[in-house]
>>> print(open('start.tsv').read())   # TSV, C-alpha atoms
chain	number	residue	atom	x	y	z
B	1	MET	CA	39.72	-90.15	-39.24
B	2	THR	CA	41.15	-88.45	-36.14
B	3	THR	CA	40.82	-90.44	-32.90
B	4	THR	CA	41.93	-89.98	-29.30
B	5	GLN	CA	45.15	-91.75	-30.30
B	6	ASP	CA	46.08	-88.65	-32.33
B	7	ALA	CA	46.89	-86.51	-29.29
B	8	SER	CA	50.18	-84.67	-29.68
B	9	ILE	CA	52.79	-82.62	-27.84
B	10	GLY	CA	55.21	-80.28	-29.58
B	11	ILE	CA	57.55	-77.56	-28.34
B	12	PHE	CA	59.16	-74.35	-29.55
B	13	LYS	CA	62.19	-73.00	-27.71
B	14	GLU	CA	61.39	-69.44	-26.66
B	15	GLY	CA	64.30	-67.10	-27.21
B	16	ALA	CA	66.08	-64.93	-24.66
B	17	GLY	CA	63.79	-62.20	-23.37
B	18	THR	CA	60.67	-63.80	-24.88
B	19	TYR	CA	59.36	-65.77	-21.89
B	20	LYS	CA	55.66	-66.57	-22.46
B	21	THR	CA	55.83	-65.44	-26.11
B	22	PHE	CA	54.19	-68.04	-28.36
B	23	GLY	CA	56.13	-69.73	-31.11
B	24	ALA	CA	54.79	-72.48	-33.36
B	25	ALA	CA	56.17	-75.91	-32.40
B	26	THR	CA	59.22	-77.12	-34.29
B	27	ARG	CA	59.69	-80.49	-32.53
B	28	TRP	CA	57.11	-83.13	-31.62
B	29	PHE	CA	57.47	-86.15	-29.37
B	30	GLU	CA	55.96	-89.59	-29.03
B	31	PHE	CA	54.74	-89.28	-25.45
B	32	VAL	CA	53.43	-91.96	-23.11
B	33	GLU	CA	51.29	-89.96	-20.68
B	34	GLU	CA	50.66	-86.39	-19.57
B	35	SER	CA	48.85	-84.38	-16.89
B	36	LEU	CA	49.52	-80.84	-18.13
B	37	GLY	CA	46.86	-78.51	-16.78
B	38	TRP	CA	45.91	-75.04	-15.59
B	39	GLU	CA	45.50	-73.98	-11.97
B	40	LYS	CA	43.37	-70.96	-11.03
B	41	ASN	CA	44.01	-69.29	-7.67
B	42	ILE	CA	40.36	-68.75	-6.79
B	43	LYS	CA	39.45	-66.32	-4.02
B	44	GLN	CA	35.91	-65.80	-2.74
B	45	GLY	CA	34.97	-62.51	-1.09
B	46	GLN	CA	33.95	-63.00	2.54
B	47	GLY	CA	32.10	-59.75	3.25
B	48	LEU	CA	28.69	-60.11	4.98
B	49	ARG	CA	25.60	-58.59	3.36
B	50	VAL	CA	22.13	-58.49	4.88
B	51	GLY	CA	19.76	-61.03	3.36
B	52	LYS	CA	22.48	-63.08	1.58
B	53	ARG	CA	22.98	-66.64	2.78
B	54	VAL	CA	25.49	-68.06	0.26
B	55	ALA	CA	28.71	-66.84	-1.32
B	56	ARG	CA	28.07	-64.13	-3.92
B	57	SER	CA	28.94	-64.69	-7.56
B	58	GLY	CA	30.08	-61.09	-7.98
B	59	ARG	CA	32.70	-61.53	-5.27
B	60	ARG	CA	34.57	-64.48	-6.80
B	61	THR	CA	37.96	-63.49	-8.25
B	62	VAL	CA	41.04	-65.14	-9.75
B	63	PRO	CA	44.04	-63.00	-8.70
B	64	THR	CA	46.66	-65.36	-10.18
B	65	ALA	CA	46.88	-68.49	-12.31
B	66	MET	CA	49.60	-70.80	-13.56
B	67	GLY	CA	50.06	-74.17	-15.24
B	68	ALA	CA	51.68	-77.37	-14.03
B	69	GLY	CA	51.78	-81.09	-14.72
B	70	ASP	CA	53.97	-83.94	-15.91
B	71	TRP	CA	54.63	-85.65	-19.20
B	72	MET	CA	56.65	-88.74	-20.01
B	73	VAL	CA	58.52	-89.95	-23.07
B	74	GLU	CA	60.40	-93.16	-23.75
B	75	ALA	CA	64.13	-92.62	-24.16
B	76	ALA	CA	64.81	-92.55	-27.91
B	77	SER	CA	67.85	-92.31	-30.14
B	78	LYS	CA	66.67	-89.24	-32.08
B	79	GLY	CA	64.89	-85.97	-31.54
B	80	GLN	CA	65.26	-85.54	-27.78
B	81	GLY	CA	68.14	-83.09	-27.49
B	82	LEU	CA	65.85	-80.14	-26.72
B	83	LEU	CA	64.29	-82.13	-23.88
B	84	TRP	CA	67.63	-82.80	-22.23
B	85	GLU	CA	68.61	-79.15	-22.70
B	86	GLY	CA	65.35	-78.15	-21.01
B	87	CYS	CA	66.02	-80.53	-18.12
B	88	LEU	CA	69.61	-79.46	-17.41
B	89	GLY	CA	69.99	-76.02	-18.96
B	90	THR	CA	73.02	-76.34	-21.24
B	91	GLY	CA	73.56	-78.55	-24.28
B	92	VAL	CA	76.26	-78.64	-26.98
B	93	SER	CA	76.27	-80.77	-30.15
B	94	THR	CA	79.59	-81.68	-31.77
B	95	LEU	CA	80.40	-83.71	-34.87
B	96	VAL	CA	82.37	-86.83	-33.91
B	97	SER	CA	82.93	-88.18	-37.43
B	98	GLY	CA	80.94	-88.98	-40.55
B	99	ALA	CA	77.27	-88.65	-39.58
B	100	THR	CA	77.76	-89.23	-35.84
B	101	TYR	CA	77.19	-86.39	-33.38
B	102	GLN	CA	77.71	-86.21	-29.65
B	103	GLN	CA	75.48	-84.06	-27.47
B	104	VAL	CA	76.70	-83.15	-23.98
B	105	PHE	CA	74.31	-81.68	-21.41
B	106	THR	CA	75.30	-80.03	-18.13
B	107	LEU	CA	73.58	-78.02	-15.41
B	108	GLY	CA	73.10	-74.41	-16.48
B	109	ASP	CA	72.40	-71.37	-14.29
B	110	THR	CA	69.31	-70.70	-16.40
B	111	LEU	CA	66.83	-73.01	-18.09
B	112	PRO	CA	65.22	-72.49	-21.49
B	113	SER	CA	61.48	-71.93	-21.67
B	114	TRP	CA	59.20	-73.50	-24.25
B	115	SER	CA	55.94	-72.81	-25.97
B	116	LEU	CA	54.47	-76.27	-25.46
B	117	GLN	CA	51.40	-77.10	-27.52
B	118	LYS	CA	49.18	-80.03	-26.63
B	119	GLY	CA	46.70	-81.23	-29.26
B	120	ILE	CA	43.57	-82.83	-27.76
B	121	PRO	CA	41.14	-84.55	-30.19
B	122	GLN	CA	37.42	-84.20	-29.63
B	123	LEU	CA	35.16	-87.21	-30.19
B	124	GLY	CA	34.10	-85.77	-33.53
B	125	GLY	CA	37.70	-85.49	-34.76
B	126	THR	CA	38.44	-81.79	-34.21
B	127	VAL	CA	41.83	-81.25	-32.56
B	128	ASP	CA	41.89	-78.46	-29.97
B	129	PRO	CA	45.28	-76.78	-29.37
B	130	TYR	CA	46.27	-75.90	-25.81
B	131	SER	CA	49.36	-73.70	-25.97
B	132	PHE	CA	51.27	-73.55	-22.68
B	133	LEU	CA	53.62	-70.56	-22.71
B	134	GLY	CA	56.75	-70.17	-20.61
B	135	ALA	CA	56.91	-73.91	-19.94
B	136	MET	CA	60.03	-74.82	-17.95
B	137	VAL	CA	61.21	-78.14	-16.51
B	138	ALA	CA	60.83	-77.81	-12.74
B	139	ASN	CA	61.93	-81.38	-12.06
B	140	TRP	CA	62.69	-84.54	-13.99
B	141	GLU	CA	63.20	-88.22	-13.43
B	142	PHE	CA	65.00	-90.79	-15.57
B	143	ASN	CA	64.15	-94.45	-15.02
B	144	CYS	CA	65.38	-97.71	-16.47
B	145	PRO	CA	63.19	-100.40	-14.85
B	146	ASN	CA	64.15	-104.05	-14.85
B	147	GLY	CA	63.29	-105.65	-18.19
B	148	ASP	CA	61.68	-102.50	-19.59
B	149	ILE	CA	62.12	-99.38	-21.74
B	150	ALA	CA	63.93	-96.40	-20.20
B	151	ASN	CA	61.84	-93.28	-19.79
B	152	LEU	CA	62.12	-89.58	-18.97
B	153	LYS	CA	59.39	-87.88	-16.93
B	154	MET	CA	59.33	-84.08	-16.74
B	155	GLY	CA	57.42	-81.94	-14.25
B	156	MET	CA	56.57	-78.55	-15.77
B	157	ASP	CA	56.21	-75.00	-14.46
B	158	ILE	CA	53.98	-73.05	-16.88
B	159	GLY	CA	53.58	-69.28	-17.10
B	160	ASP	CA	50.51	-68.81	-19.29
B	161	LEU	CA	47.91	-70.59	-21.42
B	162	SER	CA	46.42	-69.69	-24.79
B	163	THR	CA	43.66	-71.50	-26.69
B	164	ALA	CA	43.73	-68.97	-29.54
B	165	GLN	CA	46.86	-70.23	-31.34
B	166	ALA	CA	46.60	-72.34	-34.49
B	167	TYR	CA	47.18	-76.05	-34.16
B	168	GLY	CA	50.53	-77.18	-35.56
B	169	ALA	CA	50.42	-80.46	-37.48
B	170	PRO	CA	53.05	-82.79	-35.96
B	171	SER	CA	56.09	-84.20	-37.74
B	172	TYR	CA	58.58	-86.64	-36.27
B	173	PRO	CA	62.24	-87.66	-36.75
B	174	SER	CA	62.95	-89.86	-39.75
B	175	GLU	CA	63.18	-93.59	-39.15
B	176	PRO	CA	64.89	-95.55	-37.79
B	177	VAL	CA	64.23	-94.23	-34.28
B	178	ASN	CA	65.40	-96.75	-31.69
B	179	LEU	CA	64.43	-97.01	-28.04
B	180	PHE	CA	66.92	-97.36	-25.21
B	181	HIS	CA	66.02	-100.29	-22.99
B	182	PHE	CA	67.20	-102.68	-20.29
B	183	GLN	CA	68.79	-105.28	-22.56
B	184	ASN	CA	71.51	-102.89	-23.73
B	185	GLY	CA	72.21	-101.26	-20.37
B	186	THR	CA	75.41	-101.38	-18.31
B	187	ILE	CA	76.54	-99.63	-15.13
B	188	PHE	CA	80.15	-98.94	-14.12
B	189	ASN	CA	81.88	-97.47	-11.11
B	190	GLY	CA	85.54	-97.13	-10.12
B	191	THR	CA	87.86	-94.54	-11.63
B	192	LEU	CA	85.93	-92.06	-13.78
B	193	THR	CA	87.04	-90.64	-17.11
B	194	ALA	CA	84.77	-87.67	-17.72
B	195	PRO	CA	83.18	-87.10	-21.12
B	196	THR	CA	84.55	-84.56	-23.56
B	197	ALA	CA	82.84	-82.90	-26.50
B	198	THR	CA	83.53	-85.96	-28.67
B	199	ALA	CA	84.44	-88.78	-26.23
B	200	LEU	CA	82.04	-90.74	-24.07
B	201	ALA	CA	82.55	-91.08	-20.33
B	202	SER	CA	83.87	-94.31	-18.87
B	203	ALA	CA	84.60	-95.96	-15.53
B	204	THR	CA	86.68	-98.99	-14.74
B	205	THR	CA	84.50	-101.49	-12.86
B	206	PRO	CA	81.25	-103.06	-14.09
B	207	LEU	CA	78.41	-103.49	-11.58
B	208	ALA	CA	76.81	-106.79	-12.52
B	209	SER	CA	74.14	-107.11	-9.83
B	210	VAL	CA	72.10	-103.94	-10.55
B	211	ARG	CA	68.47	-104.62	-11.48
B	212	SER	CA	67.15	-101.08	-12.06
B	213	PHE	CA	68.35	-97.50	-12.05
B	214	GLN	CA	66.68	-94.15	-11.34
B	215	VAL	CA	67.91	-90.53	-11.13
B	216	ALA	CA	65.77	-87.54	-10.10
B	217	VAL	CA	66.62	-83.84	-10.31
B	218	ASN	CA	64.71	-80.95	-8.73
B	219	ASN	CA	65.65	-77.66	-10.37
B	220	ASN	CA	63.99	-75.77	-7.47
B	221	LEU	CA	62.45	-73.07	-9.64
B	222	THR	CA	61.13	-69.94	-7.95
B	223	GLY	CA	57.63	-70.57	-9.27
B	224	ASP	CA	55.89	-67.84	-7.24
B	225	ARG	CA	57.13	-64.69	-9.01
B	226	PHE	CA	53.75	-62.95	-9.16
B	227	ASN	CA	54.23	-59.18	-9.18
B	228	PHE	CA	52.05	-56.10	-9.70
B	229	GLY	CA	51.71	-55.21	-13.37
B	230	GLY	CA	51.85	-58.85	-14.46
B	231	ALA	CA	48.08	-59.26	-14.86
B	232	GLY	CA	48.09	-62.22	-12.50
B	233	ARG	CA	50.76	-64.13	-14.40
B	234	LYS	CA	54.23	-64.88	-13.07
B	235	ASP	CA	57.60	-63.54	-14.16
B	236	ARG	CA	60.21	-65.98	-15.41
B	237	PRO	CA	61.27	-68.40	-12.63
B	238	THR	CA	64.91	-68.55	-11.58
B	239	VAL	CA	66.85	-71.74	-10.86
B	240	GLY	CA	67.66	-72.63	-7.25
B	241	LEU	CA	70.11	-75.06	-5.67
B	242	ARG	CA	69.67	-78.34	-7.52
B	243	GLU	CA	68.75	-81.43	-5.56
B	244	ILE	CA	69.90	-84.64	-7.28
B	245	SER	CA	69.11	-88.08	-5.95
B	246	GLY	CA	68.52	-91.58	-7.22
B	247	SER	CA	68.31	-95.25	-6.43
B	248	LEU	CA	69.57	-98.63	-7.53
B	249	VAL	CA	67.87	-101.94	-6.91
B	250	VAL	CA	70.66	-104.48	-6.51
B	251	GLU	CA	70.88	-108.18	-5.77
B	252	TYR	CA	72.75	-109.01	-2.58
B	253	ALA	CA	75.75	-110.58	-4.29
B	254	ASN	CA	78.61	-109.05	-2.28
B	255	THR	CA	79.32	-106.50	0.45
B	256	THR	CA	80.18	-103.56	-1.85
B	257	PHE	CA	77.00	-101.62	-1.13
B	258	ARG	CA	76.93	-102.61	2.56
B	259	ASP	CA	80.37	-101.09	3.02
B	260	ALA	CA	79.42	-98.00	1.02
B	261	VAL	CA	76.49	-97.41	3.38
B	262	LEU	CA	78.37	-98.09	6.61
B	263	ASN	CA	81.45	-96.05	5.66
B	264	ASP	CA	79.59	-93.33	3.70
B	265	THR	CA	81.99	-94.15	0.86
B	266	PRO	CA	81.71	-92.04	-2.30
B	267	MET	CA	81.14	-93.89	-5.56
B	268	CYS	CA	80.95	-92.74	-9.16
B	269	LEU	CA	78.28	-94.20	-11.43
B	270	VAL	CA	78.27	-94.29	-15.23
B	271	PHE	CA	75.02	-95.60	-16.67
B	272	ASN	CA	75.15	-96.59	-20.36
B	273	LEU	CA	72.40	-97.49	-22.80
B	274	THR	CA	73.08	-98.33	-26.44
B	275	ALA	CA	70.83	-98.85	-29.46
B	276	GLY	CA	71.41	-98.92	-33.24
B	277	ALA	CA	74.57	-98.52	-35.30
B	278	LEU	CA	75.90	-95.10	-36.32
B	279	SER	CA	78.54	-94.20	-38.86
B	280	SER	CA	80.90	-94.35	-35.86
B	281	GLY	CA	79.96	-96.63	-32.99
B	282	LEU	CA	76.48	-97.05	-31.51
B	283	GLU	CA	73.65	-94.76	-30.55
B	284	THR	CA	74.31	-94.11	-26.86
B	285	LEU	CA	72.72	-92.46	-23.86
B	286	GLN	CA	74.84	-91.91	-20.74
B	287	LEU	CA	74.08	-90.54	-17.29
B	288	VAL	CA	77.36	-89.76	-15.54
B	289	LEU	CA	77.49	-89.13	-11.78
B	290	PRO	CA	81.02	-88.42	-10.48
B	291	GLU	CA	80.03	-88.87	-6.84
B	292	VAL	CA	77.11	-90.47	-5.07
B	293	LYS	CA	76.78	-91.43	-1.41
B	294	PHE	CA	74.31	-94.06	-0.32
B	295	ASP	CA	71.74	-93.32	2.38
B	296	ASN	CA	70.58	-96.94	2.90
B	297	GLU	CA	69.90	-99.88	2.99
B	298	LEU	CA	71.45	-102.96	4.56
B	299	ALA	CA	70.42	-106.37	3.28
B	300	LYS	CA	67.35	-107.98	4.82
B	301	THR	CA	66.24	-111.59	4.49
B	302	ASN	CA	63.30	-112.21	2.17
B	303	LYS	CA	61.99	-115.59	3.35
B	304	THR	CA	63.18	-118.02	0.68
B	305	ASP	CA	63.25	-115.44	-2.13
B	306	LEU	CA	66.06	-113.47	-3.71
B	307	ILE	CA	67.46	-110.76	-1.46
B	308	ASN	CA	67.38	-107.35	-3.14
B	309	GLN	CA	68.45	-103.99	-1.77
B	310	THR	CA	67.00	-100.60	-2.71
B	311	MET	CA	70.03	-98.32	-2.55
B	312	ASN	CA	68.92	-94.68	-2.30
B	313	PHE	CA	71.68	-92.18	-2.95
B	314	ALA	CA	72.43	-88.46	-2.98
B	315	VAL	CA	74.47	-86.90	-5.80
B	316	LEU	CA	77.15	-84.50	-4.54
B	317	ASP	CA	79.57	-82.08	-6.17
B	318	ASN	CA	82.70	-84.25	-5.74
B	319	LEU	CA	84.68	-81.07	-4.88
B	320	THR	CA	86.95	-81.48	-7.93
B	321	ALA	CA	84.77	-82.83	-10.76
B	322	ALA	CA	83.90	-80.35	-13.50
B	323	GLN	CA	80.21	-81.26	-13.21
B	324	PRO	CA	78.02	-83.12	-10.70
B	325	LEU	CA	76.03	-84.62	-13.57
B	326	TRP	CA	76.48	-85.14	-17.28
B	327	VAL	CA	73.95	-86.48	-19.76
B	328	VAL	CA	75.64	-87.55	-22.99
B	329	THR	CA	74.06	-88.83	-26.20
B	330	ARG	CA	75.51	-90.24	-29.41
B	331	THR	CA	73.05	-89.72	-32.24
B	332	ALA	CA	72.52	-89.11	-35.94
B	333	ASP	CA	70.80	-85.79	-35.10
B	334	THR	CA	72.86	-82.96	-36.53
B	335	ALA	CA	71.71	-80.48	-33.86
B	336	LEU	CA	69.87	-80.42	-30.55
>>> encode(input="start.tsv", output="structure tokens")
Amino acid sequence: MTTTQDASIGIFKEGAGTYKTFGAATRWFEFVEESLGWEKNIKQGQGLRVGKRVARSGRRTVPTAMGAGDWMVEAASKGQGLLWEGCLGTGVSTLVSGATYQQVFTLGDTLPSWSLQKGIPQLGGTVDPYSFLGAMVANWEFNCPNGDIANLKMGMDIGDLSTAQAYGAPSYPSEPVNLFHFQNGTIFNGTLTAPTATALASATTPLASVRSFQVAVNNNLTGDRFNFGGAGRKDRPTVGLREISGSLVVEYANTTFRDAVLNDTPMCLVFNLTAGALSSGLETLQLVLPEVKFDNELAKTNKTDLINQTMNFAVLDNLTAAQPLWVVTRTADTAL
């Protein structure tokens, strides 16, 4: 029997020149929550008419409409390459050895669009497909909370909606699928060795007092491209100047972060999560930031409790680094 627990989300990567063209989903995801919806730009005619005392039904129009909303997945060792490509824009998969592949994701000047289908079960068991066309990642946030599972939350810009497409029955990556979580996380700074197609990134100095880690990216899509001839639907958004920020919660164990705030000192950060064994090494997820600068904060007393600092930072271009941000995965997936 189908229940509300059988909700689903799947995506199809729309090809070049096919923005808002439906394709049946080829990849489905175990998602945690979602708020994907449809927003009508409702306009009510204001003209006065003798004898009429309320707004007139024949004067209500919807000149434009678009979709938006968030969805969240837990960071997993398989099946999420298309998500990272959608978040950053560019992804390349390379065989390392045996059955181990490395996927490297960098900021691209364009972002792929998806046909994203959400399956919503009715109480009686019927699953209704909502097909969001031209779905693009407007912003995303990666979190690894203290003592918890890492997660990826994506804010979507959506070009069109169809309820006429057939529902695609979900299928998922073969087991084992492992989750990346706090226990297997490490953070390094110091001298950075950037990732290559087949080598992971590294830095020289472990940061032992970090309690949680968060990175957020705004792709600054031009989401208002409504033009005549488009039947009230937008043209494909373009990518603006990325804004990348983040935060660490750290125990006050030394003056490293105090000095970084006071002196506006640049710092690289390499965040590593590992999971199960591969034919070569371990399943790995890395976020690599060649240069961050901390905005705040100085330590404050906390009565008799542990003193923690929330260290908000901006991610900058580093002037010489090849990328301001890399996401790197080691996986058994043979392709994105």
>>> closest_residue(input="start.tsv", among="B:Trp114, B:Phe271, B:Tyr252, B:Phe22", to="B:Phe180", atoms="only C-alpha atoms")
B:Phe271
>>> residues_around(input="start.tsv", residues="B:Thr331", least_positions_apart="5", cutoff="10 Å", atoms="only C-alpha atoms", output="PyMOL selection string")
chain B and resi 76-81+93+95-96+99-103+275-285+336
>>> residues_around(input="start.tsv", residues="B:Phe132", least_positions_apart="5", cutoff="10 Å", atoms="only C-alpha atoms", output="ChimeraX atom specification")
/B:11,20-22,36-38,66-68,114-118,157-163
>>> residues_around(input="start.tsv", residues="stretch 142-152 of chain B", least_positions_apart="5", cutoff="10 Å", atoms="only C-alpha atoms", output="compact mmCIF listing (two decimals) with C-alpha atoms, in the frame of the given file")
# COMPACT_ATOMS: atom_id res chain seq x y z
CA PHE B 31 54.74 -89.28 -25.45
CA VAL B 32 53.43 -91.96 -23.11
CA TRP B 71 54.63 -85.65 -19.20
CA MET B 72 56.65 -88.74 -20.01
CA VAL B 73 58.52 -89.95 -23.07
CA GLU B 74 60.40 -93.16 -23.75
CA ALA B 75 64.13 -92.62 -24.16
CA ALA B 76 64.81 -92.55 -27.91
CA LEU B 83 64.29 -82.13 -23.88
CA TRP B 84 67.63 -82.80 -22.23
CA CYS B 87 66.02 -80.53 -18.12
CA LEU B 179 64.43 -97.01 -28.04
CA PHE B 180 66.92 -97.36 -25.21
CA HIS B 181 66.02 -100.29 -22.99
CA PHE B 182 67.20 -102.68 -20.29
CA GLN B 183 68.79 -105.28 -22.56
CA GLY B 185 72.21 -101.26 -20.37
CA VAL B 210 72.10 -103.94 -10.55
CA ARG B 211 68.47 -104.62 -11.48
CA SER B 212 67.15 -101.08 -12.06
CA PHE B 213 68.35 -97.50 -12.05
CA GLN B 214 66.68 -94.15 -11.34
CA VAL B 215 67.91 -90.53 -11.13
CA ALA B 216 65.77 -87.54 -10.10
CA VAL B 217 66.62 -83.84 -10.31
CA GLY B 246 68.52 -91.58 -7.22
CA SER B 247 68.31 -95.25 -6.43
CA LEU B 248 69.57 -98.63 -7.53
CA VAL B 249 67.87 -101.94 -6.91
CA PHE B 271 75.02 -95.60 -16.67
CA LEU B 273 72.40 -97.49 -22.80
CA LEU B 287 74.08 -90.54 -17.29
>>> residues_around(input="start.tsv", residues="B:Gly119", least_positions_apart="6", cutoff="8 Å", atoms="all atoms listed in the file", output="count of residues only")
8
>>> atom_distance(input="start.tsv", atom1="atom CA of B:Asn227", atom2="atom CA of B:Ser35")
26.9 Å
>>> closest_residue(input="start.tsv", among="B:Ala55, B:Met1, B:Val328, B:Leu88", to="B:Leu123", atoms="all atoms listed in the file")
B:Met1
>>> residues_near_point(input="start.tsv", point="(70.1, -71.7, -19.8)", cutoff="10 Å", atoms="only C-alpha atoms", output="list of chain:residue names")
B:Ala16, B:Glu85, B:Gly86, B:Cys87, B:Leu88, B:Gly89, B:Thr90, B:Gly91, B:Thr106, B:Leu107, B:Gly108, B:Asp109, B:Thr110, B:Leu111, B:Pro112, B:Ser113, B:Val239
>>> closest_residue(input="start.tsv", among="B:Ile42, B:Leu298, B:Val54, B:Ala24", to="B:Leu262", atoms="only C-alpha atoms")
B:Leu298
>>> atom_distance(input="start.tsv", atom1="atom CA of B:Ala203", atom2="atom CA of B:Asn219")
26.8 Å
>>> closest_residue(input="start.tsv", among="B:Thr274, B:Thr334, B:Gln309, B:Thr256", to="B:Asn184", atoms="all atoms listed in the file")
B:Thr274
>>> atom_distance(input="start.tsv", atom1="atom CA of B:Asn302", atom2="atom CA of B:Val250")
13.8 Å
>>> closest_residue(input="start.tsv", among="B:Phe294, B:Gly155, B:Arg225, B:Glu243", to="B:Glu34", atoms="all atoms listed in the file")
B:Gly155
>>> residues_around(input="start.tsv", residues="B:Asp295", least_positions_apart="2", cutoff="9 Å", atoms="only C-alpha atoms", output="list in words")
Val261, Asp264, Lys293, Glu297, Met311, Asn312, Phe313 and Ala314 of chain B
>>> build_atoms(input="start.tsv", residues="stretch 274-280 of chain B", atoms="all heavy atoms", output="mmCIF file, in the frame of the given file")
data_model
loop_
_atom_site.group_PDB
_atom_site.id
_atom_site.type_symbol
_atom_site.label_atom_id
_atom_site.label_comp_id
_atom_site.auth_asym_id
_atom_site.auth_seq_id
_atom_site.Cartn_x
_atom_site.Cartn_y
_atom_site.Cartn_z
ATOM 1 N N THR B 274 72.750 -98.403 -25.018
ATOM 2 C CA THR B 274 73.080 -98.330 -26.440
ATOM 3 C C THR B 274 71.900 -98.825 -27.264
ATOM 4 O O THR B 274 71.013 -99.518 -26.763
ATOM 5 C CB THR B 274 74.330 -99.156 -26.766
ATOM 6 O OG1 THR B 274 74.102 -100.520 -26.395
ATOM 7 C CG2 THR B 274 75.546 -98.613 -26.027
ATOM 8 N N ALA B 275 71.927 -98.452 -28.552
ATOM 9 C CA ALA B 275 70.830 -98.850 -29.460
ATOM 10 C C ALA B 275 71.431 -99.209 -30.812
ATOM 11 O O ALA B 275 72.311 -100.056 -30.902
ATOM 12 C CB ALA B 275 69.783 -97.748 -29.552
ATOM 13 N N GLY B 276 71.000 -98.538 -31.898
ATOM 14 C CA GLY B 276 71.410 -98.920 -33.240
ATOM 15 C C GLY B 276 72.801 -98.424 -33.624
ATOM 16 O O GLY B 276 73.439 -97.645 -32.912
ATOM 17 N N ALA B 277 73.250 -98.884 -34.792
ATOM 18 C CA ALA B 277 74.570 -98.520 -35.300
ATOM 19 C C ALA B 277 74.550 -97.109 -35.890
ATOM 20 O O ALA B 277 73.571 -96.679 -36.505
ATOM 21 C CB ALA B 277 75.022 -99.518 -36.356
ATOM 22 N N LEU B 278 75.654 -96.397 -35.698
ATOM 23 C CA LEU B 278 75.900 -95.100 -36.320
ATOM 24 C C LEU B 278 77.060 -95.230 -37.292
ATOM 25 O O LEU B 278 77.680 -96.295 -37.393
ATOM 26 C CB LEU B 278 76.216 -94.056 -35.248
ATOM 27 C CG LEU B 278 75.088 -93.683 -34.285
ATOM 28 C CD1 LEU B 278 75.646 -92.895 -33.103
ATOM 29 C CD2 LEU B 278 74.020 -92.861 -35.009
ATOM 30 N N SER B 279 77.372 -94.157 -37.976
ATOM 31 C CA SER B 279 78.540 -94.200 -38.860
ATOM 32 C C SER B 279 79.814 -94.444 -38.063
ATOM 33 O O SER B 279 80.797 -94.953 -38.588
ATOM 34 C CB SER B 279 78.642 -92.887 -39.652
ATOM 35 O OG SER B 279 78.888 -91.798 -38.772
ATOM 36 N N SER B 280 79.775 -94.073 -36.766
ATOM 37 C CA SER B 280 80.900 -94.350 -35.860
ATOM 38 C C SER B 280 80.319 -94.821 -34.531
ATOM 39 O O SER B 280 79.726 -94.039 -33.792
ATOM 40 C CB SER B 280 81.742 -93.085 -35.652
ATOM 41 O OG SER B 280 82.779 -93.317 -34.715
#
